[in-house]
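Visitor: Structure: input_31.txt, compact mmCIF, C-alpha atoms.
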# COMPACT_ATOMS: atom_id res chain seq x y z
CA MET A 274 6.34 21.84 -16.72
CA SER A 275 2.59 21.99 -17.16
CA LEU A 276 0.70 19.04 -18.65
CA LYS A 277 0.43 20.90 -21.95
CA GLU A 278 4.19 21.46 -22.07
CA GLU A 279 4.86 17.81 -21.22
CA ILE A 280 2.55 16.70 -24.04
CA ASN A 281 4.22 19.06 -26.51
CA ALA A 282 7.68 17.79 -25.53
CA LEU A 283 6.63 14.17 -26.07
CA GLN A 284 4.98 14.91 -29.41
CA LEU A 285 8.11 16.73 -30.54
CA PHE A 286 10.16 13.63 -29.65
CA VAL A 287 7.95 11.60 -31.98
CA LYS A 288 7.70 14.18 -34.78
CA ASP A 289 11.45 14.73 -34.81
CA GLY A 290 11.87 11.03 -35.55
CA LEU A 291 13.61 10.23 -32.25
CA TYR A 292 10.98 7.66 -31.24
CA ALA A 293 11.54 5.90 -34.58
CA GLU A 294 15.31 6.12 -34.17
CA LYS A 295 15.04 4.48 -30.75
CA GLN A 296 13.37 1.43 -32.28
CA GLU A 297 15.72 1.46 -35.25
CA CYS A 298 18.71 1.24 -32.89
CA LYS A 299 17.18 -1.84 -31.29
CA ASN A 300 16.60 -3.46 -34.69
CA ASN A 301 20.15 -2.66 -35.81
CA ILE A 302 21.62 -4.24 -32.67
CA GLU A 303 19.57 -7.41 -33.11
CA GLN A 304 20.49 -7.76 -36.79
CA ALA A 305 24.21 -7.10 -36.24
CA LYS A 306 24.31 -9.47 -33.27
CA GLU A 307 22.68 -12.25 -35.29
CA LEU A 308 25.16 -11.82 -38.16
CA LEU A 309 28.06 -11.72 -35.70
CA ARG A 310 26.89 -14.92 -34.04
CA ASP A 311 26.69 -16.69 -37.40
CA GLN A 312 30.25 -15.64 -38.28
CA LEU A 313 31.79 -16.60 -34.93
CA HIS A 314 29.87 -19.82 -34.31
CA SER A 315 32.06 -21.93 -36.57
CA THR A 316 35.32 -20.79 -34.95
CA ALA A 317 37.07 -22.77 -32.23
CA LYS A 318 37.21 -19.79 -29.88
CA ARG A 319 34.30 -19.16 -27.56
CA ARG A 320 35.42 -15.69 -26.49
CA HIS A 321 36.35 -12.91 -28.94
CA GLU A 322 37.76 -9.68 -27.54
CA PHE A 323 37.68 -6.46 -29.57
CA LYS A 324 40.32 -4.48 -27.70
CA ASP A 325 40.07 -1.25 -29.70
CA LEU A 326 36.38 -0.99 -28.81
CA GLU A 327 36.74 -2.49 -25.33
CA TRP A 328 33.91 -4.91 -26.08
CA VAL A 329 33.69 -8.70 -26.17
CA ALA A 330 31.52 -11.30 -27.92
CA LYS A 331 31.26 -14.77 -26.44
CA PHE A 332 29.34 -18.01 -26.30
CA GLN A 333 28.50 -19.16 -22.79
CA LEU A 334 26.60 -21.99 -21.18
CA SER A 335 23.51 -21.02 -19.24
CA GLU A 336 21.64 -23.19 -16.75
CA ILE A 337 17.88 -23.62 -16.98
CA ARG A 338 16.45 -24.26 -13.53
CA VAL A 339 13.15 -25.17 -11.93
CA THR A 340 12.31 -23.84 -8.49
CA ASP A 341 10.64 -25.68 -5.62
CA GLN A 342 8.44 -22.71 -4.75
CA PRO A 343 6.66 -24.19 -1.68
CA GLY A 344 9.94 -25.42 -0.18
CA PHE A 345 11.71 -22.17 -0.96
CA ILE A 346 8.93 -20.09 0.59
CA ASN A 347 8.82 -22.30 3.67
CA LYS A 348 12.56 -21.76 4.16
CA ILE A 349 12.26 -17.98 3.76
CA LEU A 350 9.47 -17.90 6.37
CA ASN A 351 11.95 -19.43 8.84
CA TYR A 352 14.16 -16.35 8.47
CA VAL A 353 11.80 -13.46 7.78
CA ARG A 354 8.62 -12.58 9.67
CA SER A 355 7.87 -8.97 8.83
CA GLU A 356 6.38 -6.71 6.19
CA ALA A 357 9.65 -7.16 4.29
CA LEU A 358 8.22 -10.46 3.02
CA SER A 359 6.51 -8.47 0.26
CA GLN A 360 9.94 -7.63 -1.13
CA VAL A 361 10.92 -11.26 -1.68
CA ILE A 362 7.61 -13.13 -2.14
CA THR A 363 4.72 -12.31 -4.44
CA LEU A 364 1.65 -14.21 -5.64
CA ASP A 365 1.63 -16.37 -8.74
CA SER A 366 -0.95 -14.50 -10.83
CA LYS A 367 -1.64 -17.53 -13.06
CA LEU A 368 -2.46 -19.72 -10.07
CA ILE A 369 -4.62 -17.02 -8.51
CA GLU A 370 -6.55 -16.63 -11.76
CA SER A 371 -6.92 -20.34 -12.55
CA ASN A 372 -8.17 -21.06 -9.01
CA LYS A 373 -10.44 -17.98 -8.94
CA MET A 374 -8.86 -16.61 -5.78
CA HIS A 375 -9.08 -12.90 -6.69
CA ALA A 376 -11.80 -12.10 -4.17
CA LYS A 377 -9.92 -13.85 -1.36
CA VAL A 378 -6.71 -11.87 -1.86
CA ALA A 379 -8.19 -8.53 -2.93
CA ASP A 380 -7.94 -6.94 0.54
CA PHE A 381 -4.19 -7.69 0.74
CA LYS A 382 -3.23 -5.63 -2.29
CA TYR A 383 -1.13 -2.51 -1.68
CA LYS A 384 -2.03 0.80 -3.34
CA PRO A 385 -1.28 0.38 -7.05
CA THR A 386 1.52 2.14 -8.91
CA PHE A 387 1.43 2.95 -12.61
CA TYR A 388 3.51 3.27 -15.76
CA SER A 389 2.66 5.19 -18.93
CA LYS A 390 2.54 3.93 -22.50
CA ILE A 391 2.20 5.74 -25.81
CA ASN A 392 -0.04 4.41 -28.59
CA LEU A 393 0.60 5.96 -32.00
CA ASN A 394 -2.24 6.49 -34.47
CA LYS A 395 -1.84 6.61 -38.25
CA PHE A 396 -0.55 10.17 -38.13
CA GLY A 397 1.90 9.35 -35.34
CA LYS A 398 3.17 6.29 -37.20
CA SER A 399 3.94 8.45 -40.23
CA PHE A 400 6.91 9.81 -38.23
CA ASN A 401 7.93 6.26 -37.30
CA CYS A 402 8.92 4.95 -40.72
CA THR A 403 12.50 3.79 -41.23
CA LEU A 404 14.15 2.26 -44.27
CA GLY A 405 16.18 -0.18 -42.20
CA GLU A 406 19.82 -1.05 -42.73
CA ASP A 407 21.48 -4.15 -44.11
CA PHE A 408 24.74 -5.16 -42.44
CA THR A 409 25.28 -8.31 -44.50
CA GLY A 410 28.90 -8.68 -45.53
CA LEU A 411 30.39 -6.66 -42.69
CA SER A 412 33.37 -8.10 -40.81
CA PRO A 413 33.13 -9.03 -37.12
CA ASP A 414 34.92 -5.80 -36.14
CA GLU A 415 32.52 -3.74 -38.23
CA LEU A 416 29.50 -5.53 -36.78
CA VAL A 417 30.70 -4.86 -33.24
CA ARG A 418 31.14 -1.18 -34.12
CA VAL A 419 27.50 -1.17 -35.29
CA ILE A 420 26.42 -2.73 -31.99
CA VAL A 421 28.47 -0.31 -29.89
CA SER A 422 27.32 2.86 -31.67
CA ASN A 423 23.67 1.80 -31.71
CA SER A 424 23.80 0.70 -28.06
CA GLU A 425 25.14 4.08 -26.98
CA ARG A 426 22.56 5.96 -29.03
CA GLN A 427 19.73 3.72 -27.85
CA LYS A 428 20.73 4.28 -24.22
CA THR A 429 20.56 8.06 -24.74
CA LEU A 430 17.19 7.91 -26.50
CA GLU A 431 15.69 5.51 -23.93
CA SER A 432 16.74 7.90 -21.17
CA MET A 433 15.14 10.86 -22.97
CA TYR A 434 11.97 8.88 -23.64
CA GLY A 435 11.77 7.67 -20.04
CA GLN A 436 12.00 11.22 -18.71
CA LEU A 437 9.31 12.41 -21.13
CA MET A 438 6.92 9.58 -20.23
CA ALA A 439 7.47 9.64 -16.44
CA PRO A 440 5.05 12.50 -15.60
CA PHE A 441 2.11 10.76 -17.28
CA LYS A 442 2.04 7.88 -14.78
CA TYR A 443 0.81 10.43 -12.23
CA MET A 444 -1.91 11.98 -14.39
CA ASP A 445 -5.51 11.91 -13.18
CA ASP A 446 -6.98 10.45 -16.36
CA LYS A 447 -6.34 6.87 -17.43
CA ARG A 448 -5.97 8.00 -21.03
CA ILE A 449 -5.41 11.26 -22.86
CA SER A 450 -5.64 11.83 -26.61
CA LEU A 451 -2.94 13.49 -28.70
CA ASP A 452 -2.79 14.33 -32.39
CA ILE A 453 -0.18 11.56 -32.76
CA GLY A 454 -2.21 8.99 -30.79
CA SER A 455 -2.78 8.62 -27.06
CA ILE A 456 -1.06 8.08 -23.71
CA SER A 457 -2.38 5.48 -21.30
CA LYS A 458 -1.75 5.11 -17.57
CA ILE A 459 -1.43 1.38 -16.86
CA PRO A 460 -1.15 -0.29 -13.44
CA ASN A 461 2.05 -2.17 -12.62
CA LYS A 462 1.92 -5.73 -11.34
CA PRO A 463 0.31 -5.67 -7.89
CA ILE A 464 2.34 -5.81 -4.70
CA TRP A 465 0.80 -7.93 -1.97
CA ASP A 466 0.97 -7.68 1.82
CA ILE A 467 2.44 -11.16 2.19
CA TYR A 468 3.08 -10.76 5.93
CA SER A 469 -0.61 -10.07 6.66
CA MET A 470 -1.59 -12.84 4.27
CA VAL A 471 0.53 -15.34 6.21
CA ASN A 472 -1.04 -14.24 9.49
CA GLU A 473 -4.63 -14.32 8.23
CA LEU A 474 -4.70 -16.97 5.49
CA GLY A 475 -1.92 -19.18 6.82
CA GLU A 476 1.46 -20.38 5.61
CA GLU A 477 -0.03 -23.17 3.48
CA PHE A 478 -1.89 -20.61 1.38
CA ILE A 479 1.32 -18.69 0.65
CA LYS A 480 3.25 -21.87 -0.09
CA LYS A 481 0.54 -22.90 -2.57
CA TYR A 482 0.01 -19.56 -4.32
CA GLY A 483 3.27 -17.72 -3.65
CA LYS A 484 6.29 -17.15 -5.86
CA VAL A 485 9.84 -16.21 -4.82
CA LYS A 486 11.54 -13.15 -6.35
CA LEU A 487 14.92 -14.70 -7.16
CA THR A 488 16.80 -11.47 -7.85
CA VAL A 489 15.82 -10.16 -4.42
CA VAL A 490 16.95 -13.45 -2.86
CA ASP A 491 20.44 -12.83 -4.29
CA ASP A 492 20.51 -9.36 -2.74
CA TRP A 493 19.37 -10.71 0.63
CA ILE A 494 22.06 -13.41 0.54
CA GLN A 495 24.69 -10.69 0.12
CA LEU A 496 23.18 -8.76 3.03
CA GLY A 497 23.26 -11.88 5.20
CA VAL A 498 19.48 -12.02 5.65
CA LEU A 499 19.25 -15.43 3.98
CA PRO A 500 21.78 -18.32 4.11
CA LYS A 501 24.34 -18.64 1.33
CA ASN A 502 23.16 -22.04 0.10
CA ILE A 503 19.43 -21.36 -0.05
CA ARG A 504 19.18 -21.21 -3.85
CA SER A 505 21.06 -24.47 -4.42
CA GLU A 506 18.71 -26.21 -1.97
CA TYR A 507 15.52 -25.29 -3.80
CA GLN A 508 16.55 -24.97 -7.45
CA GLN A 509 17.33 -27.87 -9.78
CA VAL A 510 19.19 -27.60 -13.10
CA ILE A 511 17.12 -29.31 -15.81
CA ASP A 512 18.93 -28.21 -18.96
CA ILE A 513 21.88 -26.27 -20.35
CA ARG A 514 21.68 -23.87 -23.30
CA LEU A 515 24.34 -22.02 -25.29
CA ASP A 516 23.85 -18.26 -25.22
CA PHE A 517 25.60 -15.61 -27.28
CA ALA A 518 26.41 -12.31 -25.59
CA VAL A 519 27.95 -9.07 -26.81
CA MET A 520 28.95 -6.59 -24.11
CA SER A 521 31.52 -4.09 -22.96
CA LEU A 522 34.56 -5.38 -21.11
CA GLU A 523 33.35 -3.45 -18.06
CA ALA A 524 29.98 -5.21 -18.16
CA GLU A 525 31.77 -8.56 -18.53
CA ARG A 526 33.96 -7.77 -15.53
CA LYS A 527 30.93 -7.04 -13.36
CA ALA A 528 29.19 -10.22 -14.53
CA LEU A 529 32.28 -12.32 -13.74
CA GLU A 530 32.50 -10.79 -10.27
CA ALA A 531 28.87 -11.71 -9.65
CA GLN A 532 29.53 -15.27 -10.87
CA LYS A 533 32.57 -15.54 -8.60
CA ILE A 534 30.47 -14.52 -5.61
CA SER A 535 27.89 -17.17 -6.54
CA PHE A 536 30.63 -19.80 -6.98
CA ASP A 537 32.19 -18.93 -3.61
CA LEU A 538 28.79 -19.25 -1.94
CA ASN A 539 28.22 -22.70 -3.42
CA LYS A 540 31.80 -23.74 -2.58
CA ASP A 541 31.26 -22.72 1.06
CA HIS A 542 28.05 -24.75 1.05
CA LEU A 543 29.87 -27.85 -0.26
CA LYS A 544 32.64 -27.49 2.34
CA THR A 545 30.08 -27.17 5.11
CA GLY A 546 28.22 -30.23 3.86
CA ALA A 547 31.43 -32.26 3.72
CA LEU A 548 32.37 -31.29 7.26
CA LEU A 549 28.94 -32.35 8.44
CA GLY A 550 29.24 -35.68 6.64
CA GLY A 551 26.48 -34.83 4.19
CA TYR A 552 28.55 -35.43 1.03
Take the structure I supplied and represent it as structure tokens, if you would.

Guide:
Amino acid sequence: MSLKEEINALQLFVKDGLYAEKQECKNNIEQAKELLRDQLHSTAKRRHEFKDLEWVAKFQLSEIRVTDQPGFINKILNYVRSEALSQVITLDSKLIESNKMHAKVADFKYKPTFYSKINLNKFGKSFNCTLGEDFTGLSPDELVRVIVSNSERQKTLESMYGQLMAPFKYMDDKRISLDIGSISKIPNKPIWDIYSMVNELGEEFIKKYGKVKLTVVDDWIQLGVLPKNIRSEYQQVIDIRLDFAVMSLEAERKALEAQKISFDLNKDHLKTGALLGGY
């Protein structure tokens, strides 16, 4: 499509009320989830399965951890010495800013990538008005049905919106005006050439200003790039909180499989430590 056609398609999405419906779905999910939590919190059960819908609501303990970033980074540098370091280590933007290190690291920044964002004006917002729904008084089953239906609809609308917005991150202008508002092209968080930074600024610089990407670490553990026990070595549990989650049984199954893998990794670590006389 041409730029004009892409703009028209996006404006139609807003004027047809689909942009408003997308946000309304999110609000409905949050409200229904809060009401469901209040109803289930006083029960003895911590897991409530809704078999007809193939969804589950449950309370679960979640660990809050602090990470020894310098130690973690030092360990990673023992295993990885290539441009792949940029995948697992980034710079701590707050530390860079507070220590006024922008000029020192500027030459190590990769070519920026962008995302697009819509900003509605008064006319655009006139298509974004919703009355809102009140789910007070609904039973747990009814609340879960609200969450399921709105989740499915939100997923569809988010996909449509993402496809409509995608072309604008490649536009030449940083901002274009529409009759419903404007679209801005905004840079993503920078990606740094950590490998070159280590070679030129030294390991101590990266250990001081670097930050580990924990989700990538998990992937690399599965690939065998990093040792199984690396997270337990450099992360300390400081608190436990009680979370409430509502999800499909399929999503729960995948989450439990991931937890089992993590448990098996830690169990292997404990066995190894015991054999070595470390425990």

Visitor: Quick check, in Å to one decimal: how far apart do atom CA of Ala305 of chain A and atom CA of Ser424 of chain A lie?

Guide: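 Atom CA of Ser424 of chain A lies at a distance of 11.3 Å from atom CA of Ala305 of chain A.
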
Visitor: Nearest residue to Ala330 of chain A out of A:Glu473, A:Asp414, A:Asp512, A:Asp289, using all atoms listed in the file?

Guide: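 Ranking A:Glu473, A:Asp414, A:Asp512, A:Asp289 by distance to Ala330 of chain A, first place goes to A:Asp414.
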
Visitor: For a quick check of your reading of the model, name the residues lying within 10 Å of the coordinate (19.2, -25.1, -9.5), counting all atoms listed in the file, and write them as an NGL selection string.

Guide: :A and (336-341 or 504-512)

Visitor: For Lys288 of chain A, which residue among A:Leu364, A:Ala376, A:Ile479, A:Cys402 is the nearest when counting all atoms listed in the file?

Guide: A:Cys402

Visitor: Considering only C-alpha atoms, state which residue in the set A:Glu406, A:Leu283, A:Met274, A:Phe400 is at the smallest distance from Glu297 of chain A.

Guide: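 Going through A:Glu406, A:Leu283, A:Met274, A:Phe400 one by one, the smallest distance to Glu297 of chain A is for A:Glu406.
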
Visitor: Compile the contact shell of Phe286 of chain A as JSON, numbers by chain: residues with an atom at most 10 Å away, counting only C-alpha atoms, same-chain residues fewer than 4 positions apart removed.

Guide: {"A": [280, 281, 282, 290, 291, 292, 293, 400, 430, 433, 434, 437]}

Visitor: Excluding same-chain residues fewer than 5 positions from segment 427-429 of chain A, what lies within 12 Å of it counting only C-alpha atoms, as a list in words?

Guide: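 The neighbour list is Leu291, Tyr292, Ala293, Glu294, Lys295, Gln296, Glu297, Cys298, Lys299, Asn300, Asn301, Ile302, Val419, Ile420, Val421, Ser422, Tyr434, Gly435 and Gln436 of chain A.
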
Visitor: Choose the residue, out of A:Asp516, A:Asp452, A:Glu525, A:Asp446, that has the smallest atom-to-atom separation from His314 of chain A; count only C-alpha atoms.

Guide: A:Asp516

Visitor: Separation of atom CA of Trp328 of chain A and atom CA of Val519 of chain A, in Å?

Guide: 7.3 Å

Visitor: Rounded to one decimal, what separation in Å do you get between atom CA of Leu358 of chain A and atom CA of Ala528 of chain A?

Guide: 27.3 Å

Visitor: For Lys277 of chain A, which residue among A:Phe345, A:Trp465, A:Phe396, A:Phe441 is the nearest when counting all atoms listed in the file?

Guide: A:Phe441

Visitor: Do a neighbour search on Ser371 of chain A at 12 Å with all atoms listed in the file, toss out local chain neighbours closer than 5 positions, and write the hits as a PyMOL selection string.

Guide: chain A and resi 365-366+482

Visitor: Taking all atoms listed in the file into account, which of A:Lys395, A:Arg418, A:Lys486, A:Lys442 comes nearest Thr363 of chain A?

Guide: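 Of A:Lys395, A:Arg418, A:Lys486, A:Lys442, the one nearest Thr363 of chain A, counting all atoms listed in the file, is A:Lys486.
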
Visitor: Mind listing whatever residues come within 10 Å of the point (28.9, -21.3, -20.3)? Use all atoms listed in the file, file coordinates, and give them as a list of chain:residue names.

Guide: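 It turns out the residues near that spot are A:Arg319, A:Lys331, A:Phe332, A:Gln333, A:Leu334, A:Ser335, A:Glu336, A:Ile513, A:Arg514, A:Leu515, A:Asp516, A:Phe517.
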
Visitor: When you look at segment 386-389 of chain A with a cut-off of 6 Å (counting all atoms listed in the file), what residues show up, excluding the ones that are within fewer than 3 positions of it in the same chain? I need them as JSON, numbers by chain.

Guide: {"A": [441, 442, 457, 458, 459, 460, 461]}

Visitor: Would you mind exporting C-alpha atoms of the selected residues as a tab-separated table (two decimals), keeping the file's coordinate frame?

Guide:
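Full text of selection_35.tsv as output:
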chain	number	residue	atom	x	y	z
A	441	PHE	CA	2.11	10.76	-17.28
A	442	LYS	CA	2.04	7.88	-14.78
A	457	SER	CA	-2.38	5.48	-21.30
A	458	LYS	CA	-1.75	5.11	-17.57
A	459	ILE	CA	-1.43	1.38	-16.86
A	460	PRO	CA	-1.15	-0.29	-13.44
A	461	ASN	CA	2.05	-2.17	-12.62
